[in-house]
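Asks: Could you have a look at this structure, given as structure tokens, before my questions?
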Amino acid sequence: MKLFIEAPFSAENREFLLNSISGCELCENASEAEIFVGDLPKNVNFPKLKFLQICFAGAEKYCREKTVSDGVVIANVTGAFGDVISEYILGAVLAVYRKFFGYKSLQDEKSWLDLGSERTIFGENALILGCGNIGSLTAKKLGAFGARVVGIRKNSRPTEFFDEVYGIEMLEEQLPKADLVVCCLPDTPLTVGLFDKEKIALMKQNALFVNIGRGSLVDEKALADALGEKRIFGAILDVFREEPLPKSSPLWSLPNVFITPHISGKSFNHSPVIERKIAEICAENINRFIDGKQPKNLIRKEIGYAENC
């Protein structure tokens with residue numbers, strides 16, 4: 001089969017990928033590809049495409065927008081990002097709870113000042129929306145710090161590292177109990193606008209809101225209003241409805257918001273370890289597809305994500 005690799009693997013990982021698969025011939029023309037690794041370029045036809053291996057988690061544009069034909073098999077790299085994103089969540093929460101940003105500002109001023117009371121992860125009630133690879137590893141790490149961790153997923157199936165798991169229909173009941181709310185949900189018709197004004201109003205005044213899933217989940221105006229009026233404690237935001245986040249957004253200037261530019265799960269040119277994980281998943285899936293087996297992390301187009309998420 002003809003293979004085209006668009007993903008910007010390092011020379012080492014590209015060589016690893018090519019050496020790990022068999023039955024493929026590299027092609028120089030993307031439109032000739034039967035197997036494509038990476039993000040399909042716009043305005044190019046792929047008449048021969050049979051298998052698309054994307055190198056990120058979100059597959060919404062290939063499902064909702066139907067940018068590939070129905071017969072194309074799509075897989076993502078679920079399992080590659082749980083470690084790095086859960087580290088981002090834990091690090092950012094610790095920085096906010098222990099006032100590290102404030103102390104760094106004082107350091108710049110050479111000011112020896114105690115900023116007063118802090119929070120600890122120990123003893124917190126954490127609510128994680130999404131119990132896949134990212135959510136589960138986040139639950140594991142928060143639990144190791146002494147938090148009680150509750151999960152919200154499509155169904156209430158018990159999941160490792162969570163003290164309790166509830167279906168999405170229980171979100172409104174669980175939100176008022178949570179000190180820390182972490183969103184790891186994909187962009188699907190069921191999640192768009194999930195955190196509206198009413199859901200945000202259910203959160204505790206001391207609640208820290210973290211979103212590393214998709215920006216479409218949140219009503220950003222309602223969130224900014226709640227943060228500005230200090231109806232909730234703060235927010236850690238890595239994803240937004242519009243990216244880059246417009247300079248006109250009030251979220252930029254709120255002192256209780258920490259913003260990063262969608263980097264919580266970066267791999268290429270950021271983390272060689274995660275990039276190698278991606279290459280390993282791609283190689284396994286390509287081999288499985290060539291052998292007539294179902295790839296891991298197969299995207300179910302009707303729901304917009306991998307069934308094992």
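Residue numbering restarts at 1 in every chain; chains get A, B, ... in the order shown in the structure tokens, and ligands count up from 1 in that same order.
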Please provide the set of residues having any atom within 7 Å of range 256-258 of chain A, restricted to only C-alpha atoms, with same-chain residues fewer than 6 positions apart removed, written as a list in words.
Replies: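 So, after excluding close chain neighbours, the residues are Gly234, Ala235, Ile236 and Leu237 of chain A.
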Asks: Env of Gly102 in chain A: 12 Å cut, atoms = only C-alpha atoms, seq-sep filter 4 positions within chain, self excluded. Answer as a compact mmCIF listing (two decimals) with N, CA and C atoms, in the first residue's frame.
Replies:
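around_13.txt written:
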# COMPACT_ATOMS: atom_id res chain seq x y z
N ALA A 95 0.51 25.04 41.09
CA ALA A 95 0.99 26.42 40.99
C ALA A 95 -0.06 27.40 41.46
N VAL A 96 -1.32 27.15 41.11
CA VAL A 96 -2.41 28.03 41.55
C VAL A 96 -2.68 27.86 43.04
N TYR A 97 -2.80 26.63 43.49
CA TYR A 97 -3.11 26.37 44.90
C TYR A 97 -2.03 26.92 45.84
N ARG A 98 -0.75 26.76 45.47
CA ARG A 98 0.33 27.17 46.35
C ARG A 98 0.84 28.58 46.04
N LEU A 106 6.74 38.37 43.41
CA LEU A 106 7.44 38.95 44.56
C LEU A 106 8.95 38.78 44.42
N GLN A 107 9.37 37.65 43.89
CA GLN A 107 10.80 37.43 43.66
C GLN A 107 11.36 38.48 42.71
N ASP A 108 10.60 38.77 41.65
CA ASP A 108 11.05 39.78 40.68
C ASP A 108 11.22 41.14 41.34
N GLU A 109 10.40 41.39 42.38
CA GLU A 109 10.47 42.66 43.10
C GLU A 109 11.43 42.60 44.30
N SER A 111 10.93 40.99 46.99
CA SER A 111 10.06 41.25 48.14
C SER A 111 9.86 39.97 48.93
N TRP A 112 10.21 40.02 50.24
CA TRP A 112 10.06 38.88 51.14
C TRP A 112 8.71 39.03 51.84
N LEU A 113 7.68 38.41 51.25
CA LEU A 113 6.33 38.60 51.75
C LEU A 113 5.59 37.28 51.74
N ASP A 114 4.90 37.00 52.83
CA ASP A 114 4.06 35.80 52.93
C ASP A 114 2.68 36.13 52.36
N LEU A 115 2.26 35.38 51.34
CA LEU A 115 0.98 35.65 50.69
C LEU A 115 -0.21 35.01 51.40
N GLY A 116 0.04 34.40 52.53
CA GLY A 116 -1.08 33.94 53.34
C GLY A 116 -1.57 32.54 52.97
N GLU A 118 -3.12 29.06 51.72
CA GLU A 118 -3.01 28.36 50.45
C GLU A 118 -3.97 27.17 50.47
N PRO A 255 -7.36 38.21 36.90
CA PRO A 255 -6.21 37.77 37.71
C PRO A 255 -6.32 36.33 38.19
N ASN A 256 -7.52 35.76 38.19
CA ASN A 256 -7.70 34.39 38.67
C ASN A 256 -7.79 33.38 37.53
Asks: Using only C-alpha atoms, find the one residue out of A:Val77, A:Ala178, A:Leu171, A:Ile128 that sits nearest to Gly213 in chain A.
Replies: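 The shortest atom-to-atom distance to Gly213 in chain A comes from A:Ile128.
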Asks: Give me the residues within 12 Å of Ala59 in chain A as a ChimeraX atom specification, counting only C-alpha atoms and dropping any in the same chain fewer than 6 places off.
Replies: /A:38-40,52-53,65-68,73-78,186-188,214,297-306
Asks: Check range 137-241 of chain A with DSSP on the backbone and list each residue it calls helix (DSSP H, G or I), as a PyMOL selection string.
Replies: chain A and resi 137-144+168-177+197-202+215-217+220-228
Asks: The selected residues should be written to file as a tab-separated table (two decimals), in the first residue's frame (atoms: C-alpha atoms).
Replies:
chain	number	residue	atom	x	y	z
A	137	LEU	CA	-4.16	9.23	34.60
A	138	THR	CA	-5.20	12.58	36.04
A	139	ALA	CA	-7.36	10.74	38.57
A	140	LYS	CA	-4.43	8.48	39.45
A	141	LYS	CA	-2.12	11.42	40.12
A	142	LEU	CA	-4.67	13.49	42.03
A	143	GLY	CA	-5.51	10.43	44.11
A	144	ALA	CA	-1.83	9.95	44.92
A	168	ILE	CA	-23.32	12.44	32.43
A	169	GLU	CA	-26.90	12.80	33.66
A	170	MET	CA	-25.51	13.17	37.20
A	171	LEU	CA	-23.31	16.17	36.39
A	172	GLU	CA	-25.64	18.74	37.94
A	173	GLU	CA	-25.76	16.75	41.18
A	174	GLN	CA	-21.99	16.35	41.40
A	175	LEU	CA	-20.86	19.87	40.42
A	176	PRO	CA	-21.88	21.56	43.72
A	177	LYS	CA	-19.69	19.06	45.62
A	197	LYS	CA	-24.38	29.62	32.50
A	198	GLU	CA	-26.55	27.27	34.53
A	199	LYS	CA	-23.83	24.64	35.03
A	200	ILE	CA	-21.26	27.27	35.95
A	201	ALA	CA	-23.69	28.66	38.53
A	202	LEU	CA	-23.76	25.25	40.23
A	215	GLY	CA	-13.13	25.02	24.02
A	216	SER	CA	-16.57	24.27	22.56
A	217	LEU	CA	-17.50	22.79	25.94
A	220	GLU	CA	-16.74	31.63	27.78
A	221	LYS	CA	-18.76	34.77	28.53
A	222	ALA	CA	-20.58	33.07	31.39
A	223	LEU	CA	-17.28	31.70	32.69
A	224	ALA	CA	-15.61	35.12	32.49
A	225	ASP	CA	-18.56	36.70	34.33
A	226	ALA	CA	-18.40	34.12	37.11
A	227	LEU	CA	-14.63	34.54	37.45
A	228	GLY	CA	-14.79	38.33	37.35
Asks: Between CA of Glu28 in chain A and CA of Ile278 in chain A, measure the distance and give it in Å to one decimal.
Replies: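 So the answer is 21.9 Å.
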Asks: Show me, as a tab-separated table, the residues of range 245-309 of chain A having an atom within 9 Å of range 82-89 of chain A, each with the closest atom pair and its distance in Å, using only C-alpha atoms.
Replies:
residue	atom	partner	partner_atom	distance
A:Ile263	CA	A:Ile85	CA	8.9
A:Ser264	CA	A:Ile85	CA	5.2
A:Gly265	CA	A:Ile85	CA	5.2
A:Lys266	CA	A:Val84	CA	8.1
A:Ser267	CA	A:Val84	CA	8.7
A:Ser271	CA	A:Val84	CA	8.7
A:Ile274	CA	A:Val84	CA	7.6
Asks: Mind giving me the straight-line distance from CA of Ala33 in chain A to CA of Phe81 in chain A in Å, one decimal?
Replies: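 Value for the CA of Ala33 in chain A-CA of Phe81 in chain A distance: 26.7 Å.
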Asks: Mind listing the strand (DSSP E or B) residues of range 53-277 of chain A, per DSSP on the backbone, as a ChimeraX atom specification?
Replies: /A:53,73-75,125-129,148-153,164-167,180-183,195,208-211,218,234-237,257-259
Asks: Quick one, how far is CA of Val165 in chain A from CA of Ser136 in chain A?
Replies: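 Atom-to-atom, CA of Val165 in chain A and CA of Ser136 in chain A are spaced 11.1 Å apart.
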Asks: Calculated over only C-alpha atoms, which of the candidates A:Lys61, A:Lys296, A:His270, A:Arg153 has the smallest distance to Cys282 in chain A?
Replies: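 Ranked by minimum distance to Cys282 in chain A, first place goes to A:Lys296.
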